[in-house]
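A.B. asks: Quick one: the structure is below, questions incoming.
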Amino acid sequence: MPLLFRKVKELRNHLHTLRCERNASLGFVPTMGYLHEGHRALMERARLQNDITVVSIYVNPTQFGEGEDYERYPRDLERDMAVCEEAGIDVVFAPTDKEVYPPGSRTEVYVRELSEVLEGKFRPGHFKGVATVVTKLLNAVQPDRAYFGEKDYQQLKLIQRLVKDLLIPVEIVPVETVREPDGLAYSSRNVYLSPEERESALSIYRAFLLAQEMINQGERSSDTIKGEMERFILSHPHVKKIDYIEITDPDLNPKGLVDRGDRILVALWVGSSRLIDNWKVL
Ligand code: PAF
């Protein structure tokens with residue numbers, strides 16, 4: 001079993017000893033738990049590239065808005081510990097709220113502009129919560145490398161910016177999205193979906209394939225591609241609403257004409273679940 005730490009001080013002492021005695025390199029996978037294949041890919045990469053791998057499990061309250069799913073977000077530490085053991089993780093850090101946000105906390109981290117577009121428009125405050133907690137976790141663990149999935153592409157870009165701006169000495173390693181065999185991207189939130197809703201959720205991946213096919217056939221207009229994707233997705237019965245379909249360059253600047261390497265980003269509601277996904281144009 002991996003060693004489980006609840007307190008920053010104890011975690012730091014342990015990691016300090018490992019680093020000094022063994023001169024070990026440290027890989028870090030921050031998560032909110034309820035670990036799935038997407039997390040496994042992050043852990044595997046971290047294990048390959050480092051001597052010691054640390055996983056954090058913390059459902060961060062400040063990145064959930066009012067009326068979002070903080071309370072119902074799935075939690076199961078026992079199961080997560082078993083997944084970490086199987087993945088060969090050395091250390092699990094599962095702090096309490098008090099450890100992460102000491103009483104009287106006043107400090108927040110805000111990444112301008114990147115926090116305001118796409119997800120930021122629909123989830124005000126979300127990225128301030130993410131940036132703040134990731135800064136704290138990186139400070140607590142002080143890894144050589146930290147691993148983030150491309151599934152949350154905007155989060156990945158924001159964290160790359162954040163570590164650059166705050167001079168945090170860590171390499172951010174992006175890991176490709178892992179999909180179920182039928183194309184649905186792994187997410188802890190998939191457990192909310194009924195079988196019928198899951199079928200409608202597949203429209204996201206299929207819309208990416210449709211867009212890619214249009215591009216392969218020579219279509220370059222973002223508006224035309226987004227229009228076709230929207231029409232296709234909305235033809236699925238459990239899709240309640242599309243928050244956005246956007247086509248951007250790799251740095252999230254909107255594009256009128258699509259090129260290889262651009263990103264197509266989607267957020268939508270299936271039943272009462274909000275799902276996000278993205279696609280790198282081939
Ligand atoms: O991607 C997540 O699971 C979370 O946003 C993160 C990075 C662990 C911060 O709470």
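In the structure tokens, chains take letters A, B, ... by order of appearance, with residues numbered from 1 within each chain and ligands from 1 in the order shown.
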Residues contacting ligand 1 - anything with an atom at most 6 Å away, using only C-alpha atoms and all ligand atoms - can you give me those as a PyMOL selection string?
C.D. replies: chain A and resi 30-32+60+130+134
A.B. asks: Considering only C-alpha atoms, return as a ChimeraX atom specification whatever protein or nucleic-acid residues lie within 9 Å of range 251-266 of chain A, sequence-local ones (same chain, fewer than 3 positions apart) excluded.
C.D. replies: /A:114,117-118,153-154,157,204,208,211,215,219-223,226,242-248,275-282
A.B. asks: Using only C-alpha atoms, which protein or nucleic acid residues come within 8 Å of Val55 in chain A? Drop anything in the same chain fewer than 4 positions from it, and give the result as a PDB file with all heavy atoms, in the first residue's frame.
C.D. replies:
ATOM      1  N   PHE A  28       4.435  13.955  -9.653  1.00  0.00           N
ATOM      2  CA  PHE A  28       3.235  14.269  -8.878  1.00  0.00           C
ATOM      3  C   PHE A  28       1.992  14.258  -9.780  1.00  0.00           C
ATOM      4  O   PHE A  28       1.986  14.875 -10.847  1.00  0.00           O
ATOM      5  CB  PHE A  28       3.412  15.655  -8.245  1.00  0.00           C
ATOM      6  CG  PHE A  28       2.208  16.152  -7.487  1.00  0.00           C
ATOM      7  CD1 PHE A  28       1.467  15.312  -6.656  1.00  0.00           C
ATOM      8  CD2 PHE A  28       1.829  17.492  -7.580  1.00  0.00           C
ATOM      9  CE1 PHE A  28       0.360  15.781  -5.956  1.00  0.00           C
ATOM     10  CE2 PHE A  28       0.729  17.978  -6.886  1.00  0.00           C
ATOM     11  CZ  PHE A  28      -0.008  17.123  -6.074  1.00  0.00           C
ATOM     12  N   VAL A  29       0.969  13.562  -9.311  1.00  0.00           N
ATOM     13  CA  VAL A  29      -0.310  13.524 -10.033  1.00  0.00           C
ATOM     14  C   VAL A  29      -1.404  14.079  -9.118  1.00  0.00           C
ATOM     15  O   VAL A  29      -1.865  13.382  -8.207  1.00  0.00           O
ATOM     16  CB  VAL A  29      -0.662  12.075 -10.461  1.00  0.00           C
ATOM     17  CG1 VAL A  29      -1.991  12.057 -11.220  1.00  0.00           C
ATOM     18  CG2 VAL A  29       0.444  11.459 -11.301  1.00  0.00           C
ATOM     19  N   PRO A  30      -1.816  15.335  -9.330  1.00  0.00           N
ATOM     20  CA  PRO A  30      -2.895  15.887  -8.498  1.00  0.00           C
ATOM     21  C   PRO A  30      -4.249  15.400  -9.016  1.00  0.00           C
ATOM     22  O   PRO A  30      -4.491  15.438 -10.228  1.00  0.00           O
ATOM     23  CB  PRO A  30      -2.788  17.409  -8.709  1.00  0.00           C
ATOM     24  CG  PRO A  30      -1.749  17.629  -9.742  1.00  0.00           C
ATOM     25  CD  PRO A  30      -1.310  16.317 -10.298  1.00  0.00           C
ATOM     26  N   THR A  31      -5.117  14.936  -8.119  1.00  0.00           N
ATOM     27  CA  THR A  31      -6.442  14.451  -8.536  1.00  0.00           C
ATOM     28  C   THR A  31      -7.493  14.852  -7.507  1.00  0.00           C
ATOM     29  O   THR A  31      -7.160  15.262  -6.404  1.00  0.00           O
ATOM     30  CB  THR A  31      -6.501  12.899  -8.653  1.00  0.00           C
ATOM     31  OG1 THR A  31      -6.697  12.341  -7.344  1.00  0.00           O
ATOM     32  CG2 THR A  31      -5.252  12.312  -9.275  1.00  0.00           C
ATOM     33  N   MET A  43      -0.588   8.371 -13.842  1.00  0.00           N
ATOM     34  CA  MET A  43       0.267   7.693 -12.848  1.00  0.00           C
ATOM     35  C   MET A  43       1.357   6.871 -13.536  1.00  0.00           C
ATOM     36  O   MET A  43       2.499   6.855 -13.108  1.00  0.00           O
ATOM     37  CB  MET A  43      -0.584   6.790 -11.948  1.00  0.00           C
ATOM     38  CG  MET A  43      -1.581   7.545 -11.096  1.00  0.00           C
ATOM     39  SD  MET A  43      -2.303   6.476  -9.839  1.00  0.00           S
ATOM     40  CE  MET A  43      -3.961   6.399 -10.343  1.00  0.00           C
ATOM     41  N   CYS A  84      -4.197   3.084  -6.404  1.00  0.00           N
ATOM     42  CA  CYS A  84      -2.824   3.610  -6.310  1.00  0.00           C
ATOM     43  C   CYS A  84      -1.831   2.486  -6.031  1.00  0.00           C
ATOM     44  O   CYS A  84      -0.719   2.481  -6.569  1.00  0.00           O
ATOM     45  CB  CYS A  84      -2.738   4.676  -5.208  1.00  0.00           C
ATOM     46  SG  CYS A  84      -3.519   6.214  -5.680  1.00  0.00           S
ATOM     47  N   ILE A  89       2.046   3.395  -6.840  1.00  0.00           N
ATOM     48  CA  ILE A  89       2.262   4.732  -6.281  1.00  0.00           C
ATOM     49  C   ILE A  89       2.907   4.618  -4.898  1.00  0.00           C
ATOM     50  O   ILE A  89       2.553   3.745  -4.101  1.00  0.00           O
ATOM     51  CB  ILE A  89       0.901   5.479  -6.188  1.00  0.00           C
ATOM     52  CG1 ILE A  89       0.280   5.623  -7.573  1.00  0.00           C
ATOM     53  CG2 ILE A  89       1.034   6.818  -5.479  1.00  0.00           C
ATOM     54  CD1 ILE A  89       1.170   6.263  -8.612  1.00  0.00           C
ATOM     55  N   VAL A  91       3.321   7.332  -2.558  1.00  0.00           N
ATOM     56  CA  VAL A  91       2.757   8.195  -1.514  1.00  0.00           C
ATOM     57  C   VAL A  91       1.419   8.780  -1.980  1.00  0.00           C
ATOM     58  O   VAL A  91       1.311   9.255  -3.118  1.00  0.00           O
ATOM     59  CB  VAL A  91       3.739   9.363  -1.206  1.00  0.00           C
ATOM     60  CG1 VAL A  91       3.094  10.398  -0.297  1.00  0.00           C
ATOM     61  CG2 VAL A  91       5.024   8.832  -0.593  1.00  0.00           C
ATOM     62  N   VAL A  92       0.422   8.731  -1.093  1.00  0.00           N
ATOM     63  CA  VAL A  92      -0.850   9.413  -1.359  1.00  0.00           C
ATOM     64  C   VAL A  92      -1.006  10.540  -0.346  1.00  0.00           C
ATOM     65  O   VAL A  92      -0.809  10.341   0.854  1.00  0.00           O
ATOM     66  CB  VAL A  92      -2.044   8.437  -1.268  1.00  0.00           C
ATOM     67  CG1 VAL A  92      -3.371   9.189  -1.316  1.00  0.00           C
ATOM     68  CG2 VAL A  92      -1.984   7.401  -2.396  1.00  0.00           C
ATOM     69  N   PHE A  93      -1.330  11.708  -0.859  1.00  0.00           N
ATOM     70  CA  PHE A  93      -1.556  12.872   0.001  1.00  0.00           C
ATOM     71  C   PHE A  93      -3.043  13.206  -0.086  1.00  0.00           C
ATOM     72  O   PHE A  93      -3.536  13.594  -1.159  1.00  0.00           O
ATOM     73  CB  PHE A  93      -0.705  14.041  -0.498  1.00  0.00           C
ATOM     74  CG  PHE A  93      -0.871  15.313   0.269  1.00  0.00           C
ATOM     75  CD1 PHE A  93      -0.893  15.313   1.666  1.00  0.00           C
ATOM     76  CD2 PHE A  93      -0.986  16.527  -0.390  1.00  0.00           C
ATOM     77  CE1 PHE A  93      -1.034  16.496   2.376  1.00  0.00           C
ATOM     78  CE2 PHE A  93      -1.129  17.717   0.312  1.00  0.00           C
ATOM     79  CZ  PHE A  93      -1.153  17.692   1.701  1.00  0.00           C
TER      80      PHE A  93
END
A.B. asks: Do a neighbour search on Ile172 in chain A at 8 Å with only C-alpha atoms, toss out local chain neighbours closer than 5 positions, and write the hits as a list of chain:residue names.
C.D. replies: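 The filter keeps A:Arg145, A:Ala146, A:Tyr147, A:Phe148, A:Ile159, A:Gln160.
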A.B. asks: Determine the nearest neighbour of Asn13 in chain A from the options A:Asn216, A:Ser235, A:Thr224, A:Gln142, counting only C-alpha atoms.
C.D. replies: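 Of the candidates, the smallest distance to Asn13 in chain A is held by A:Gln142.
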A.B. asks: List the neighbours of range 103-112 of chain A out to 10 Å using only C-alpha atoms; skip same-chain residues closer than 3 positions along the sequence, and give me the result as a list in words.
C.D. replies: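 Those residues are Asp97, Lys98, Glu99, Val100, Ser115, Glu116, Val117, Gly125, Phe127, Lys128, Gly129, Val130, Ala131, Thr132, Val133, Val134, Thr135, Lys136, Leu158, Ile159, Arg161, Leu162, Asp165 and Leu166 of chain A.
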A.B. asks: Would you list the contacts of range 182-190 of chain A as a list of chain:residue names, taking every protein, DNA or RNA residue within 7 Å and counting only C-alpha atoms, but skipping same-chain residues closer than 6 positions in sequence?
C.D. replies: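 The residues that qualify are A:Tyr34, A:His36, A:Glu37, A:Gly38, A:Leu202, A:Tyr205.
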A.B. asks: From the set A:Gly88, A:Arg19, A:Val270, A:Arg72, which residue has the shortest atom-to-atom contact distance to Glu197 in chain A, counting only C-alpha atoms?
C.D. replies: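 Closest to Glu197 in chain A of all the choices is A:Val270.
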A.B. asks: Which of range 122-179 of chain A end up as strand (DSSP E) when DSSP is run on this backbone - answer as JSON, numbers by chain?
C.D. replies: {"A": [145, 146, 147, 148, 149, 171, 172, 173, 174, 175]}
A.B. asks: What does the file look like for those residues with N, CA and C atoms, as a PDB file, in the first residue's frame?
C.D. replies:
ATOM      1  N   ARG A 145       8.294  16.950 -11.533  1.00  0.00           N
ATOM      2  CA  ARG A 145       7.348  16.961 -12.657  1.00  0.00           C
ATOM      3  C   ARG A 145       5.935  16.774 -12.118  1.00  0.00           C
ATOM      4  N   ALA A 146       4.970  17.450 -12.768  1.00  0.00           N
ATOM      5  CA  ALA A 146       3.564  17.238 -12.396  1.00  0.00           C
ATOM      6  C   ALA A 146       2.780  16.930 -13.664  1.00  0.00           C
ATOM      7  N   TYR A 147       1.809  16.045 -13.542  1.00  0.00           N
ATOM      8  CA  TYR A 147       1.140  15.446 -14.704  1.00  0.00           C
ATOM      9  C   TYR A 147      -0.325  15.878 -14.767  1.00  0.00           C
ATOM     10  N   PHE A 148      -0.734  16.406 -15.927  1.00  0.00           N
ATOM     11  CA  PHE A 148      -2.104  16.876 -16.106  1.00  0.00           C
ATOM     12  C   PHE A 148      -2.663  16.338 -17.416  1.00  0.00           C
ATOM     13  N   GLY A 149      -3.927  15.921 -17.393  1.00  0.00           N
ATOM     14  CA  GLY A 149      -4.557  15.354 -18.585  1.00  0.00           C
ATOM     15  C   GLY A 149      -4.995  16.438 -19.563  1.00  0.00           C
ATOM     16  N   GLU A 171       8.259  20.838 -13.932  1.00  0.00           N
ATOM     17  CA  GLU A 171       7.919  20.611 -15.345  1.00  0.00           C
ATOM     18  C   GLU A 171       6.486  20.089 -15.403  1.00  0.00           C
ATOM     19  N   ILE A 172       5.645  20.778 -16.182  1.00  0.00           N
ATOM     20  CA  ILE A 172       4.256  20.314 -16.342  1.00  0.00           C
ATOM     21  C   ILE A 172       4.215  19.375 -17.543  1.00  0.00           C
ATOM     22  N   VAL A 173       3.794  18.141 -17.294  1.00  0.00           N
ATOM     23  CA  VAL A 173       3.782  17.143 -18.363  1.00  0.00           C
ATOM     24  C   VAL A 173       2.324  16.866 -18.788  1.00  0.00           C
ATOM     25  N   PRO A 174       1.976  17.222 -20.037  1.00  0.00           N
ATOM     26  CA  PRO A 174       0.616  16.933 -20.516  1.00  0.00           C
ATOM     27  C   PRO A 174       0.490  15.468 -20.902  1.00  0.00           C
ATOM     28  N   VAL A 175      -0.655  14.865 -20.598  1.00  0.00           N
ATOM     29  CA  VAL A 175      -0.891  13.466 -20.975  1.00  0.00           C
ATOM     30  C   VAL A 175      -2.197  13.403 -21.778  1.00  0.00           C
TER      31      VAL A 175
END
A.B. asks: Work out how far CA of Arg274 in chain A is from CA of Ser194 in chain A, in Å to one decimal.
C.D. replies: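 Computing the Euclidean distance for CA of Ser194 in chain A and CA of Arg274 in chain A yields 13.4 Å.
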A.B. asks: Grab the CA of Glu113 in chain A to CA of Gln155 in chain A distance for me, in Å with one decimal place.
C.D. replies: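 So the two atoms, CA of Glu113 in chain A and CA of Gln155 in chain A, lie 12.6 Å apart.
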A.B. asks: Counting only C-alpha atoms, figure out which residue out of A:Ala201, A:Asp144, A:Phe64, A:Phe122 gets nearest to Ala24 in chain A.
C.D. replies: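 Among the listed residues, the smallest separation from Ala24 in chain A belongs to A:Asp144.
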A.B. asks: Hey, what's within 7 Å of Arg6 in chain A if we count only C-alpha atoms and toss same-chain stuff fewer than 3 positions away? As a PyMOL selection string, please?
C.D. replies: chain A and resi 93-96
A.B. asks: Taking into account only C-alpha atoms, which residue in the set A:Ser203, A:Thr177, A:Ile168, A:Glu86 is nearest to Arg231 in chain A?
C.D. replies: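 Closest residue, counting only C-alpha atoms: A:Ser203.
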A.B. asks: Measure the distance from CA of Pro124 in chain A to CA of Glu176 in chain A in Å and round it to one decimal.
C.D. replies: 26.2 Å
